[in-house]
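Q: Take a look at this one; I'll ask things after.
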Amino acid sequence: MGRGDLHLDGVVLEYDGRRSRLSRVAFTQERRRQTGIAETALELRRCPAADYYTRPGAAVCAEVMRAVRMAAGRDRSGLRTGPDTLRAPALTPLPTLAEHRAHQAA
């Protein structure tokens with residue numbers, strides 16, 4: 001079907017940025033892929049960019065947790081996953097606060 005942006009306990013989260021709306025062909029392909037994902041007994045949630053900038057994080061989290069509960073009873077025994085084909089990130093992530101404190105203490 002394709003790759004989702006994030007998969008969590010039977011829920012595929014998709015970030016809908018502006019790029020998916022730029023061309024009719026890209027928009028159509030994206031919607032077909034997302035419909036295919038939804039047909040595999042996974043719960044699909046699309047999050048527009050505005051959710052990340054205007055909604056409180058707790059509201060977005062609550063929506064995701066509701067989707068996890070909805071997906072919990074679904075039979076996904078026929079779902080096959082493939083290998084992770086993402087390339088390694090080019091940049092090193094910033095250290096967590098705990099890592100930073102441990103480094104300072106050393």
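Residue numbers start at 1 in each chain; chains themselves are named A, B, ... in the order of the structure tokens; ligands are numbered from 1 in the order shown.
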Write out as a compact mmCIF listing (two decimals) with C-alpha atoms, in the first residue's frame each polymer residue whose atoms come within 9 Å of A:Met70, counting only C-alpha atoms; drop sequence neighbours fewer than 3 positions from it.

A:
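For reference, part-v4.txt as written:
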# COMPACT_ATOMS: atom_id res chain seq x y z
CA GLY A 10 -2.58 -0.28 14.56
CA VAL A 11 -2.85 3.42 13.76
CA GLU A 43 -6.93 3.04 11.63
CA MET A 65 -5.23 7.54 21.70
CA ARG A 66 -8.89 7.26 20.64
CA ALA A 67 -7.69 5.86 17.31
CA GLY A 73 -9.97 -4.97 18.38
CA ARG A 74 -9.24 -5.29 14.68

Q: Would you kindly return, as a VMD selection string, each protein, DNA or RNA residue with an atom no farther than 10 Å from any atom of stretch 80-87 of chain A, considering only C-alpha atoms and excluding same-chain residues fewer than 2 positions away?

A: chain A and resid 2 to 3 40 76 to 78 89 to 90

Q: Take the residues just selected and output them with N, CA and C atoms as a PDB file, in the first residue's frame.

A:
ATOM      1  N   GLY A   2       1.894   1.226   0.784  1.00  0.00           N
ATOM      2  CA  GLY A   2       2.733   2.400   0.903  1.00  0.00           C
ATOM      3  C   GLY A   2       3.200   2.556   2.328  1.00  0.00           C
ATOM      4  N   ARG A   3       3.871   3.609   2.586  1.00  0.00           N
ATOM      5  CA  ARG A   3       4.436   3.860   3.901  1.00  0.00           C
ATOM      6  C   ARG A   3       3.727   5.046   4.531  1.00  0.00           C
ATOM      7  N   THR A  40      -6.691  -2.063   5.171  1.00  0.00           N
ATOM      8  CA  THR A  40      -5.895  -3.154   5.745  1.00  0.00           C
ATOM      9  C   THR A  40      -6.170  -3.361   7.222  1.00  0.00           C
ATOM     10  N   ARG A  76      -5.608  -7.903  12.435  1.00  0.00           N
ATOM     11  CA  ARG A  76      -4.566  -7.506  11.489  1.00  0.00           C
ATOM     12  C   ARG A  76      -3.638  -8.678  11.183  1.00  0.00           C
ATOM     13  N   SER A  77      -4.149  -9.909  11.361  1.00  0.00           N
ATOM     14  CA  SER A  77      -3.302 -11.088  11.161  1.00  0.00           C
ATOM     15  C   SER A  77      -2.836 -11.221   9.712  1.00  0.00           C
ATOM     16  N   GLY A  78      -3.595 -10.673   8.771  1.00  0.00           N
ATOM     17  CA  GLY A  78      -3.196 -10.762   7.369  1.00  0.00           C
ATOM     18  C   GLY A  78      -2.291  -9.626   6.915  1.00  0.00           C
ATOM     19  N   PRO A  89      19.354   9.209   8.782  1.00  0.00           N
ATOM     20  CA  PRO A  89      19.315  10.676   8.743  1.00  0.00           C
ATOM     21  C   PRO A  89      20.700  11.258   8.490  1.00  0.00           C
ATOM     22  N   ALA A  90      20.722  12.340   7.747  1.00  0.00           N
ATOM     23  CA  ALA A  90      21.984  12.996   7.432  1.00  0.00           C
ATOM     24  C   ALA A  90      22.508  13.807   8.609  1.00  0.00           C
TER      25      ALA A  90
END

Q: Write out as a PyMOL selection string the set of residues from chain A that DSSP, computed on the backbone, places in alpha helix (DSSP H).

A: chain A and resi 24-38+49-54+57-71+97-105

Q: So which residues of chain A fall under strand (DSSP E or B) by DSSP, listed as a list in words?

A: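 Across chain A, those assigned strand (DSSP E or B) are Leu6, His7, Leu8, Val11, Val12, Leu13, Glu14, Tyr15, Asp16, Glu43, Leu44, Arg45, Arg46, Cys47 and Pro48 of chain A.
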
Q: Restrict the selected residues to N, CA and C atoms and save them as a short mmCIF file (atom, residue, chain, number, x, y, z; two decimals), in the first residue's frame.

A:
data_model
loop_
_atom_site.label_atom_id
_atom_site.label_comp_id
_atom_site.auth_asym_id
_atom_site.auth_seq_id
_atom_site.Cartn_x
_atom_site.Cartn_y
_atom_site.Cartn_z
N LEU A 6 3.84 7.64 10.38
CA LEU A 6 4.08 7.07 11.70
C LEU A 6 3.07 5.96 11.92
N HIS A 7 3.52 4.84 12.48
CA HIS A 7 2.62 3.73 12.80
C HIS A 7 2.73 3.47 14.29
N LEU A 8 1.57 3.41 14.96
CA LEU A 8 1.54 3.21 16.40
C LEU A 8 0.36 2.31 16.75
N VAL A 11 -2.43 2.12 14.27
CA VAL A 11 -2.85 3.42 13.76
C VAL A 11 -1.73 3.96 12.86
N VAL A 12 -2.12 4.39 11.67
CA VAL A 12 -1.18 5.06 10.77
C VAL A 12 -1.49 6.54 10.82
N LEU A 13 -0.49 7.32 11.18
CA LEU A 13 -0.65 8.78 11.23
C LEU A 13 0.00 9.37 10.00
N GLU A 14 -0.73 10.22 9.33
CA GLU A 14 -0.25 10.88 8.12
C GLU A 14 -0.23 12.38 8.33
N TYR A 15 0.88 12.99 8.04
CA TYR A 15 0.99 14.45 8.10
C TYR A 15 0.60 14.99 6.74
N ASP A 16 -0.43 15.81 6.69
CA ASP A 16 -0.87 16.42 5.43
C ASP A 16 -0.28 17.81 5.32
N GLU A 43 -6.20 1.78 11.45
CA GLU A 43 -6.93 3.04 11.63
C GLU A 43 -6.05 4.14 11.06
N LEU A 44 -6.59 4.96 10.20
CA LEU A 44 -5.82 6.02 9.55
C LEU A 44 -6.26 7.37 10.09
N ARG A 45 -5.29 8.18 10.47
CA ARG A 45 -5.56 9.55 10.91
C ARG A 45 -4.67 10.48 10.10
N ARG A 46 -5.31 11.49 9.51
CA ARG A 46 -4.56 12.51 8.78
C ARG A 46 -4.52 13.77 9.64
N CYS A 47 -3.35 14.31 9.79
CA CYS A 47 -3.15 15.49 10.63
C CYS A 47 -2.69 16.64 9.76
N PRO A 48 -3.53 17.64 9.55
CA PRO A 48 -3.09 18.80 8.78
C PRO A 48 -2.05 19.61 9.55
#

Q: For A:Glu63, which of A:Asp51, A:Asp5, A:Asp75, A:Glu99 is the closest residue, counting only C-alpha atoms?

A: A:Asp51

Q: Compare A:Leu79, A:Leu91, A:Ala58, A:Leu22 by their minimum atom-to-atom distance to A:Ile37, counting only C-alpha atoms, and give me the closest one.

A: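 Looking only at the distances to A:Ile37, the closest residue turns out to be A:Leu79.
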
Q: Enter the distance from atom CA of A:Pro95 to atom CA of A:Gly4, in Å, rounded to one decimal.

A: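 Atom-to-atom, atom CA of A:Pro95 to atom CA of A:Gly4, that is 25.9 Å.
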
Q: So which one's closest to A:Val68, A:Val25, A:Arg101, A:Pro93, A:Leu42? Using only C-alpha atoms, please.

A: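 Closest to A:Val68, using only C-alpha atoms: A:Leu42.
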